[in-house]
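Colleague: So here's work38.csv, just CSV, C-alpha atoms:
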```
chain,number,residue,atom,x,y,z
A,1,MET,CA,-41.8,29.0,433.9
A,2,VAL,CA,-41.2,27.9,430.3
A,3,GLY,CA,-42.3,31.0,428.4
A,4,THR,CA,-45.8,29.9,427.2
A,5,SER,CA,-49.2,30.9,428.4
A,6,ALA,CA,-51.5,28.5,430.3
A,7,GLU,CA,-54.2,29.1,427.7
A,8,TRP,CA,-52.0,28.2,424.8
A,9,ILE,CA,-50.8,25.0,426.5
A,10,PHE,CA,-54.4,24.0,427.2
A,11,ASN,CA,-55.5,24.7,423.6
A,12,VAL,CA,-52.8,22.8,422.0
A,13,SER,CA,-52.7,19.8,424.4
A,14,GLY,CA,-55.5,19.8,427.0
A,15,ILE,CA,-52.9,20.1,429.8
A,16,GLU,CA,-53.5,22.2,432.8
A,17,GLU,CA,-51.3,20.6,435.5
A,18,ARG,CA,-48.3,18.3,435.6
A,19,ARG,CA,-46.5,16.5,438.4
A,20,PHE,CA,-42.7,16.5,438.8
A,21,ALA,CA,-40.7,14.0,440.9
A,22,ALA,CA,-38.4,15.1,443.6
A,23,GLU,CA,-34.8,15.7,442.4
A,24,SER,CA,-33.6,12.7,444.4
A,25,GLU,CA,-36.4,10.4,443.1
A,26,THR,CA,-35.4,8.0,440.3
A,27,VAL,CA,-37.4,6.3,437.6
A,28,ALA,CA,-36.9,3.0,439.6
A,29,ASP,CA,-38.2,4.6,442.8
A,30,MET,CA,-41.4,5.7,441.1
A,31,ALA,CA,-41.8,2.3,439.4
A,32,VAL,CA,-41.4,0.6,442.8
A,33,ALA,CA,-44.2,2.8,444.3
A,34,ALA,CA,-46.5,1.9,441.4
A,35,ALA,CA,-45.6,-1.8,441.6
A,36,GLN,CA,-46.3,-1.9,445.3
A,37,ASP,CA,-49.6,-0.2,444.8
A,38,CYS,CA,-50.5,-2.7,442.0
A,39,LEU,CA,-49.4,-5.7,444.1
A,40,SER,CA,-51.4,-4.5,447.0
A,41,SER,CA,-54.6,-4.0,444.9
A,42,ALA,CA,-54.1,-7.5,443.4
A,43,GLY,CA,-53.5,-9.0,446.8
A,44,ILE,CA,-50.3,-10.8,445.9
A,45,ARG,CA,-46.7,-10.6,447.2
A,46,ALA,CA,-43.8,-9.5,445.1
A,47,THR,CA,-42.2,-12.9,445.8
A,48,ASP,CA,-45.0,-14.5,443.8
A,49,LEU,CA,-43.9,-12.8,440.6
A,50,GLY,CA,-42.3,-14.8,437.8
A,51,LEU,CA,-41.2,-11.9,435.6
A,52,LEU,CA,-40.8,-8.2,435.8
A,53,LEU,CA,-40.9,-5.9,432.8
A,54,VAL,CA,-40.1,-2.2,433.3
A,55,ALA,CA,-40.7,0.3,430.5
A,56,SER,CA,-39.0,3.7,430.5
A,57,GLY,CA,-37.6,6.1,428.0
A,58,SER,CA,-36.1,8.4,430.6
A,59,SER,CA,-33.9,6.2,432.8
A,60,GLU,CA,-30.9,7.8,434.4
A,61,ARG,CA,-28.2,5.6,432.9
A,62,ARG,CA,-27.4,3.4,429.8
A,63,PHE,CA,-27.1,0.2,431.9
A,64,PRO,CA,-28.2,-1.4,433.9
A,65,GLY,CA,-31.7,-0.1,433.3
A,66,PRO,CA,-34.2,0.5,436.0
A,67,ALA,CA,-35.6,-3.0,435.9
A,68,ALA,CA,-32.7,-4.4,438.0
A,69,SER,CA,-33.1,-1.6,440.6
A,70,VAL,CA,-36.9,-2.2,440.8
A,71,ALA,CA,-36.3,-5.9,441.2
A,72,ARG,CA,-33.8,-5.3,444.0
A,73,GLN,CA,-36.2,-2.9,445.8
A,74,LEU,CA,-39.0,-5.4,445.5
A,75,ASN,CA,-36.7,-8.2,446.9
A,76,LEU,CA,-37.3,-10.3,443.8
A,77,ASP,CA,-34.2,-12.4,444.4
A,78,THR,CA,-33.3,-13.8,441.0
A,79,VAL,CA,-36.6,-13.3,439.1
A,80,PRO,CA,-35.8,-12.1,435.6
A,81,ALA,CA,-36.3,-8.3,435.2
A,82,ILE,CA,-36.3,-6.9,431.7
A,83,ASP,CA,-36.1,-3.3,430.6
A,84,LEU,CA,-38.2,-2.0,427.7
A,85,PRO,CA,-36.7,1.3,426.7
A,86,LEU,CA,-39.7,2.3,424.6
A,87,ALA,CA,-40.9,5.8,425.3
A,88,SER,CA,-44.7,6.1,425.3
A,89,ALA,CA,-45.4,2.7,423.8
A,90,GLY,CA,-43.5,0.6,426.4
A,91,SER,CA,-46.4,-0.1,428.7
A,92,LEU,CA,-48.6,-1.6,425.9
A,93,PHE,CA,-45.7,-3.6,424.5
A,94,GLY,CA,-45.0,-4.8,428.1
A,95,MET,CA,-48.6,-5.9,428.5
A,96,ALA,CA,-48.6,-7.8,425.2
A,97,LEU,CA,-45.3,-9.5,426.0
A,98,GLY,CA,-46.5,-10.2,429.5
A,99,ALA,CA,-49.6,-11.9,428.1
A,100,SER,CA,-47.4,-14.1,425.9
A,101,LEU,CA,-44.9,-14.9,428.7
A,102,ALA,CA,-47.1,-15.4,431.7
A,103,GLY,CA,-47.8,-19.0,430.8
A,104,ALA,CA,-44.1,-19.8,431.0
A,105,HIS,CA,-43.0,-17.5,433.8
A,106,GLY,CA,-46.1,-17.1,436.0
A,107,ALA,CA,-47.3,-13.7,437.1
A,108,VAL,CA,-45.7,-10.8,435.2
A,109,LEU,CA,-45.6,-7.3,436.7
A,110,VAL,CA,-45.4,-4.6,434.0
A,111,ALA,CA,-44.3,-1.2,435.3
A,112,ALA,CA,-43.8,1.9,433.3
A,113,SER,CA,-42.1,4.9,434.9
A,114,GLU,CA,-40.9,8.2,433.5
A,115,LYS,CA,-39.0,11.2,434.9
A,116,MET,CA,-39.6,13.4,431.9
A,117,SER,CA,-38.8,16.5,433.9
A,118,SER,CA,-35.1,15.5,434.0
A,119,VAL,CA,-35.2,15.4,430.2
A,120,VAL,CA,-37.3,18.4,429.1
A,121,LEU,CA,-36.2,20.9,431.7
A,122,LYS,CA,-32.6,20.4,431.0
A,123,PRO,CA,-30.9,23.2,428.9
A,124,PRO,CA,-31.3,23.9,426.1
A,125,MET,CA,-35.0,23.8,426.8
A,126,ASN,CA,-37.6,23.8,424.0
A,127,SER,CA,-40.5,25.5,425.6
A,128,THR,CA,-43.1,24.2,423.2
A,129,THR,CA,-42.0,20.6,424.0
A,130,ALA,CA,-41.2,21.0,427.7
A,131,VAL,CA,-44.8,22.1,428.6
A,132,LEU,CA,-46.2,18.8,427.4
A,133,PHE,CA,-44.4,16.3,429.7
A,134,GLY,CA,-44.8,15.2,433.3
A,135,ASP,CA,-43.4,12.6,435.6
A,136,GLY,CA,-45.3,9.5,436.8
A,137,ALA,CA,-45.4,5.7,437.0
A,138,GLY,CA,-48.0,3.0,436.6
A,139,ALA,CA,-48.1,-0.8,436.9
A,140,CYS,CA,-50.3,-3.7,436.1
A,141,LEU,CA,-50.2,-7.4,436.8
A,142,ILE,CA,-50.5,-10.0,434.0
A,143,SER,CA,-51.3,-13.4,435.5
A,144,PRO,CA,-52.0,-16.8,434.1
A,145,ASP,CA,-54.7,-17.0,436.7
A,146,ALA,CA,-58.1,-15.3,436.6
A,147,GLY,CA,-58.2,-11.6,437.4
A,148,LEU,CA,-60.2,-8.5,436.6
A,149,ALA,CA,-60.0,-9.1,432.9
A,150,THR,CA,-58.8,-11.5,430.2
A,151,ILE,CA,-56.5,-10.2,427.5
A,152,LEU,CA,-58.1,-11.4,424.2
A,153,ASP,CA,-55.5,-10.3,421.7
A,154,SER,CA,-53.1,-7.5,420.8
A,155,THR,CA,-51.4,-6.0,417.8
A,156,LEU,CA,-47.9,-4.4,417.9
A,157,HIS,CA,-46.1,-2.5,415.2
A,158,THR,CA,-42.9,-0.6,414.5
A,159,ASP,CA,-41.9,1.6,411.6
A,160,GLY,CA,-38.3,2.8,412.0
A,161,SER,CA,-38.4,5.1,409.1
A,162,PHE,CA,-39.6,7.9,411.3
A,163,SER,CA,-37.1,7.3,414.2
A,164,ASP,CA,-35.6,10.8,413.7
A,165,ASP,CA,-38.9,12.5,414.2
A,166,LEU,CA,-39.1,11.8,417.9
A,167,LYS,CA,-35.8,11.0,419.7
A,168,LEU,CA,-33.7,11.6,422.7
A,169,GLU,CA,-30.0,11.3,422.0
A,170,LEU,CA,-27.6,10.5,424.8
A,171,ASP,CA,-27.2,13.7,426.8
A,172,GLY,CA,-29.2,15.6,424.1
A,173,PRO,CA,-32.5,17.4,424.3
A,174,LEU,CA,-35.7,15.7,423.4
A,175,GLU,CA,-36.3,16.3,419.7
A,176,MET,CA,-39.9,16.1,418.3
A,177,ASN,CA,-41.3,16.8,414.9
A,178,GLY,CA,-44.8,17.3,416.3
A,179,ARG,CA,-46.5,17.5,412.9
A,180,THR,CA,-45.2,14.2,411.8
A,181,VAL,CA,-45.9,12.6,415.1
A,182,ILE,CA,-49.5,13.8,415.1
A,183,LEU,CA,-50.0,12.9,411.4
A,184,GLN,CA,-48.7,9.4,411.8
A,185,ALA,CA,-50.4,8.7,415.2
A,186,SER,CA,-53.8,10.0,414.0
A,187,ARG,CA,-53.7,7.4,411.2
A,188,LYS,CA,-51.9,4.5,412.8
A,189,ILE,CA,-53.7,4.4,416.2
A,190,PRO,CA,-57.3,4.1,414.8
A,191,ARG,CA,-56.1,1.6,412.2
A,192,ALA,CA,-54.5,-0.6,414.9
A,193,ILE,CA,-57.6,-0.4,417.1
A,194,GLY,CA,-60.0,-1.0,414.2
A,195,SER,CA,-58.1,-4.0,412.8
A,196,LEU,CA,-57.7,-5.6,416.3
A,197,LEU,CA,-61.4,-5.2,417.0
A,198,GLU,CA,-62.4,-6.6,413.6
A,199,LYS,CA,-60.1,-9.6,414.1
A,200,CYS,CA,-61.7,-10.3,417.5
A,201,GLY,CA,-65.3,-9.8,416.1
A,202,ARG,CA,-66.0,-6.6,418.0
A,203,ALA,CA,-66.9,-3.1,416.8
A,204,PRO,CA,-65.7,0.2,418.3
A,205,ALA,CA,-69.3,0.8,419.5
A,206,ASP,CA,-69.0,-2.4,421.7
A,207,VAL,CA,-66.1,-1.1,423.7
A,208,ALA,CA,-66.8,0.1,427.2
A,209,CYS,CA,-63.7,2.2,427.5
A,210,PHE,CA,-60.6,3.1,425.5
A,211,LEU,CA,-57.5,3.6,427.6
A,212,MET,CA,-55.0,5.4,425.3
A,213,HIS,CA,-51.6,6.9,425.8
A,214,GLN,CA,-52.2,10.4,427.2
A,215,ALA,CA,-50.1,12.3,424.7
A,216,ASN,CA,-52.5,15.1,423.7
A,217,GLN,CA,-56.2,15.6,424.2
A,218,ASN,CA,-56.6,16.8,420.7
A,219,LEU,CA,-55.1,13.5,419.4
A,220,ILE,CA,-57.3,11.5,421.8
A,221,ASP,CA,-60.4,13.3,420.4
A,222,ARG,CA,-59.2,12.7,416.8
A,223,VAL,CA,-58.8,9.0,417.4
A,224,ALA,CA,-62.3,8.8,418.9
A,225,GLY,CA,-63.6,10.6,415.8
A,226,ALA,CA,-61.8,8.3,413.4
A,227,LEU,CA,-63.4,5.3,415.2
A,228,ASP,CA,-66.8,7.1,415.2
A,229,VAL,CA,-67.2,6.8,419.0
A,230,ALA,CA,-68.0,9.5,421.5
A,231,ALA,CA,-64.9,11.2,422.9
A,232,ASP,CA,-66.0,10.5,426.5
A,233,LYS,CA,-65.5,6.8,425.8
A,234,PHE,CA,-61.7,7.6,425.9
A,235,TYR,CA,-60.7,7.9,429.5
A,236,SER,CA,-58.6,11.1,429.9
A,237,ASN,CA,-56.5,12.5,432.7
A,238,ILE,CA,-54.0,14.4,430.6
A,239,ARG,CA,-55.4,17.7,432.0
A,240,ARG,CA,-53.9,16.8,435.4
A,241,TYR,CA,-50.7,15.0,434.6
A,242,GLY,CA,-49.6,16.0,431.1
A,243,ASN,CA,-47.8,13.5,428.9
A,244,THR,CA,-46.1,11.0,431.2
A,245,SER,CA,-44.9,9.0,428.2
A,246,SER,CA,-44.9,5.2,428.7
A,247,ALA,CA,-46.5,5.6,432.2
A,248,SER,CA,-49.5,7.5,431.0
A,249,MET,CA,-51.7,4.6,429.8
A,250,LEU,CA,-51.2,2.6,433.0
A,251,ILE,CA,-51.8,5.6,435.2
A,252,ALA,CA,-55.0,6.2,433.3
A,253,ALA,CA,-56.0,2.5,433.6
A,254,ALA,CA,-55.4,2.5,437.4
A,255,GLU,CA,-57.6,5.6,437.8
A,256,TRP,CA,-60.3,4.3,435.5
A,257,GLN,CA,-60.3,0.9,437.4
A,258,LYS,CA,-61.0,2.8,440.6
A,259,GLN,CA,-63.8,5.0,439.1
A,260,ALA,CA,-65.6,2.6,436.7
A,261,GLY,CA,-63.5,-0.5,436.1
A,262,PHE,CA,-63.9,-3.8,434.2
A,263,GLU,CA,-67.4,-5.2,433.9
A,264,ARG,CA,-68.0,-8.8,433.0
A,265,GLY,CA,-68.1,-9.3,429.2
A,266,LYS,CA,-67.4,-5.7,428.4
A,267,PRO,CA,-64.4,-5.1,426.1
A,268,VAL,CA,-61.8,-2.5,426.9
A,269,VAL,CA,-59.1,-1.3,424.5
A,270,PHE,CA,-55.6,-0.2,425.4
A,271,ALA,CA,-53.6,1.8,422.7
A,272,THR,CA,-50.3,3.6,422.5
A,273,PHE,CA,-48.1,5.3,420.0
A,274,GLY,CA,-44.5,6.5,420.6
A,275,ALA,CA,-41.0,7.1,419.5
A,276,GLY,CA,-39.7,4.6,417.0
A,277,PHE,CA,-42.4,4.7,415.8
A,278,HIS,CA,-43.8,1.9,418.0
A,279,TRP,CA,-47.5,1.6,418.3
A,280,GLY,CA,-50.2,-1.0,419.0
A,281,ALA,CA,-53.5,-1.9,420.7
A,282,LEU,CA,-54.6,-4.6,423.1
A,283,LEU,CA,-58.1,-5.9,423.7
A,284,ALA,CA,-59.2,-7.1,427.2
A,285,GLU,CA,-62.6,-8.2,428.4
A,286,GLY,CA,-63.9,-8.0,432.0
A,287,CYS,CA,-64.2,-11.3,433.9
B,1,MET,CA,-62.1,24.0,388.5
B,2,THR,CA,-58.3,23.7,388.3
B,3,ARG,CA,-56.4,21.3,390.6
B,4,GLN,CA,-54.9,24.2,392.4
B,5,ALA,CA,-58.4,25.8,393.0
B,6,GLN,CA,-59.6,22.4,394.3
B,7,ILE,CA,-56.7,22.3,396.8
B,8,THR,CA,-57.3,25.9,397.9
B,9,GLU,CA,-61.0,25.1,398.5
B,10,ILE,CA,-60.0,22.1,400.7
B,11,ILE,CA,-57.6,24.3,402.7
B,12,ARG,CA,-60.3,26.9,403.2
B,13,THR,CA,-62.9,24.3,404.3
B,14,VAL,CA,-60.6,22.6,406.8
B,15,SER,CA,-59.1,25.8,408.1
B,16,LYS,CA,-62.5,27.6,408.2
B,17,LYS,CA,-60.7,30.7,406.9
B,18,ASN,CA,-61.9,32.3,403.7
B,19,THR,CA,-58.4,33.4,402.5
B,20,ALA,CA,-56.5,32.8,399.3
B,21,PRO,CA,-53.0,31.7,400.2
B,22,ASP,CA,-50.2,32.2,397.8
B,23,PRO,CA,-49.4,28.9,396.2
B,24,GLU,CA,-45.8,29.1,397.5
B,25,GLU,CA,-46.8,30.3,401.0
B,26,SER,CA,-46.2,27.9,403.9
B,27,LEU,CA,-49.6,26.8,405.2
B,28,PHE,CA,-48.2,26.2,408.6
B,29,ASP,CA,-46.1,29.4,409.0
B,30,SER,CA,-49.1,31.4,407.8
B,31,GLY,CA,-51.3,29.9,410.5
B,32,LEU,CA,-53.8,28.4,408.1
B,33,LEU,CA,-53.0,24.8,409.1
B,34,ASP,CA,-51.8,23.2,412.3
B,35,SER,CA,-50.8,19.7,413.3
B,36,PHE,CA,-54.4,18.6,413.8
B,37,ALA,CA,-55.8,20.1,410.7
B,38,LEU,CA,-53.3,18.4,408.4
B,39,PRO,CA,-54.8,14.9,408.8
B,40,ASP,CA,-58.2,16.4,407.7
B,41,VAL,CA,-56.6,18.0,404.7
B,42,LEU,CA,-55.0,14.7,403.6
B,43,SER,CA,-58.3,12.8,404.0
B,44,ALA,CA,-60.0,15.5,401.9
B,45,LEU,CA,-57.3,15.3,399.3
B,46,GLU,CA,-57.6,11.5,399.1
B,47,LYS,CA,-61.3,11.8,398.6
B,48,ALA,CA,-61.3,14.7,396.1
B,49,PHE,CA,-58.6,13.2,393.9
B,50,SER,CA,-59.4,9.5,394.4
B,51,ILE,CA,-55.9,8.8,395.6
B,52,LYS,CA,-54.4,6.8,398.5
B,53,ILE,CA,-51.6,8.6,400.5
B,54,PRO,CA,-49.5,5.9,402.0
B,55,ASP,CA,-48.1,6.3,405.5
B,56,SER,CA,-44.6,6.5,404.1
B,57,ASP,CA,-45.6,9.7,402.4
B,58,LEU,CA,-47.1,11.3,405.6
B,59,ASN,CA,-44.4,13.9,405.8
B,60,PRO,CA,-45.7,17.4,406.6
B,61,ARG,CA,-43.1,19.0,404.3
B,62,LYS,CA,-44.7,17.4,401.3
B,63,PHE,CA,-47.9,19.3,402.1
B,64,ASP,CA,-46.5,22.6,403.4
B,65,SER,CA,-47.9,24.7,400.5
B,66,ILE,CA,-50.5,24.5,397.8
B,67,SER,CA,-47.9,24.1,395.1
B,68,ARG,CA,-46.2,21.3,397.0
B,69,ILE,CA,-49.6,19.6,397.5
B,70,GLU,CA,-50.3,20.0,393.8
B,71,SER,CA,-46.9,18.4,392.9
B,72,TYR,CA,-47.6,15.5,395.3
B,73,ILE,CA,-51.0,14.9,393.8
B,74,GLU,CA,-49.6,14.9,390.3
B,75,SER,CA,-47.1,12.3,391.3
B,76,ARG,CA,-49.9,10.0,392.6
B,77,LEU,CA,-52.3,10.3,389.6
```
Will you turn the file into structure tokens for me?
Modeller:
Amino acid sequence: MVGTSAEWIFNVSGIEERRFAAESETVADMAVAAAQDCLSSAGIRATDLGLLLVASGSSERRFPGPAASVARQLNLDTVPAIDLPLASAGSLFGMALGASLAGAHGAVLVAASEKMSSVVLKPPMNSTTAVLFGDGAGACLISPDAGLATILDSTLHTDGSFSDDLKLELDGPLEMNGRTVILQASRKIPRAIGSLLEKCGRAPADVACFLMHQANQNLIDRVAGALDVAADKFYSNIRRYGNTSSASMLIAAAEWQKQAGFERGKPVVFATFGAGFHWGALLAEGC
Amino acid sequence: MTRQAQITEIIRTVSKKNTAPDPEESLFDSGLLDSFALPDVLSALEKAFSIKIPDSDLNPRKFDSISRIESYIESRL
């Protein structure tokens, strides 16, 4: 479809399949589906939420962003709903902000939703970039009450000097200098994780699972190597979904929770890197 | 061993290709390096020349050829 072979795509990215939303489906629609799934798993009603954060780098319009539509579809009345237009890194920034704000607002729903097909399949299409991205949404609940895990700490960073190396101008194609992105990410992600773990008195070997933005399998393996942990400690589903930008980490987390999940006292690290560059890590521990 | 020879040896080791690239040849266009090999090259350069490459210098264009790498290293020594 996009002029590259399946073997080449797999070798450079680890991707075999991707999911595309229906043409009529919006970023908000997918976020609502993920939010409802999350609320159902947590056993709470949408009306119990005190704050909604919605991350997306592929929303359909400048304003209002998808957060308002998601809030309306969840019947949140006048609960504040905030957009985080941070591609790739938005879910982690949302979790960290949610952890800080839950004490004041109550339960915070963090949703991340991306319709990357509407971006990368639009002419003029760059085939080497288009093959990497898929559509999807994920969500998590940050509550001041006890849950599956406790967020111990997080570290967030931004370096705007590379903002032209990964960008999506209004009505423009997605532009990515892949070499710079990989070079920066392969250094910044392990450093963020390492410093966070050290600050919290943990070592990479102590971590039960790393839930990282699913950008590229080769990058995930490289980060594992830099931290000197086995690659299989990094949960990966990029083979089936491709890079779903900000949604990827929460989709991976939801799948991992169903397959293995938090265990009492076992640390789990979340990590992302995206356009901006924005990046960071968050440490949680099973309750 | 000259500085250029040291750089060439690092490129050969990381790329696992026993070739002798022209100093001006693009290491990416020639297929010797890709996005994922470059971080290994930079780590090896830091170790070999006892330098620290700051994140602000992590621009692939600075390391696109042996002569560019040599110029960069000279600027850091």
Colleague: For chain A, list the residues within 9 Å of chain B, counting only C-alpha atoms, and write the list as an NGL selection string.
Modeller: :A and (161-162 or 178-184 or 186-188 or 218-219 or 222)
Colleague: Can you work out the spacing between atom CA of B:Glu24 and atom CA of B:Ile73 in Å, to one decimal?
Modeller: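 Atom CA of B:Ile73 lies at a distance of 15.6 Å from atom CA of B:Glu24.
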Colleague: Using all atoms listed in the file - which residues lie no farther than 12 Å from the point (-55.6, 31.3, 438.3) in the file's frame? Write them as an MDAnalysis selection string.
Modeller: chainID A and resid 5:7 16:17
Colleague: Just checking: using only C-alpha atoms, which residue out of B:Pro23, B:Pro54, B:Asp29, B:Arg76 ends up closest to B:Ile7?
Modeller: B:Pro23
Colleague: Which is closest to B:Phe63 among B:Leu45, B:Thr19, B:Ile51, B:Ala5, if we use all atoms listed in the file?
Modeller: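 Checking each of B:Leu45, B:Thr19, B:Ile51, B:Ala5 against B:Phe63, counting all atoms listed in the file, the winner is B:Leu45.
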Colleague: For B:Gln6, find every residue with an atom within 12 Å (counting all atoms listed in the file), except residues of its own chain fewer than 3 positions away, and show them as a ChimeraX atom specification.
Modeller: /B:1-3,9-13,20,41,44-45,47-49,66-67,69-70,73
Colleague: Calculated over only C-alpha atoms, which of the candidates A:Ser117, A:Ser127, A:Thr47, A:Thr150 has the smallest distance to A:Ile9?
Modeller: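 Result for the nearest residue to A:Ile9: A:Ser127.
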Colleague: Please tell me which residues are no farther than 7 Å from (-60.3, 4.3, 411.8) in the file, counting all atoms listed in the file, and write them as a list in words.
Modeller: Pro190, Arg191, Gly194, Ala226 and Leu227 of chain A
Colleague: So, counting only C-alpha atoms, which residue among A:Val269, A:Glu25, A:Gln257, A:Ser248 is closest to A:Lys233?
Modeller: A:Val269
Colleague: What's the 6 Å shell around A:Gly50, counting only C-alpha atoms, without same-chain residues fewer than 4 positions away, as a ChimeraX atom specification?
Modeller: /A:105-108
Colleague: Between atom CA of A:Leu211 and atom CA of A:Ala252, measure the distance and give it in Å to one decimal.
Modeller: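 Computed distance, atom CA of A:Leu211 to atom CA of A:Ala252, equals 6.7 Å.
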Colleague: Env of A:Ala35: 8 Å cut, atoms = all atoms listed in the file, seq-sep filter 4 positions within chain, self excluded. Answer as a ChimeraX atom specification.
Modeller: /A:31,39,109,111,138-140
Colleague: If you keep C-alpha atoms, can you produce a file of those selected residues as a compact mmCIF listing (two decimals), in the frame of the given file?
Modeller:
```txt
# COMPACT_ATOMS: atom_id res chain seq x y z
CA ALA A 31 -41.80 2.30 439.40
CA LEU A 39 -49.40 -5.70 444.10
CA LEU A 109 -45.60 -7.30 436.70
CA ALA A 111 -44.30 -1.20 435.30
CA GLY A 138 -48.00 3.00 436.60
CA ALA A 139 -48.10 -0.80 436.90
CA CYS A 140 -50.30 -3.70 436.10
```
Colleague: May I ask for the distance between atom CA of B:Ser50 and atom CA of B:Glu74, given in Å to one decimal place?
Modeller: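 These atoms are spaced 11.9 Å apart.
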Colleague: Name the closest residue to A:Gly103 among the candidates A:Val207, A:Ile142, A:Leu196, A:Ile15; distances are taken between atoms, counting only C-alpha atoms.
Modeller: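 Smallest distance to A:Gly103 is found for A:Ile142.
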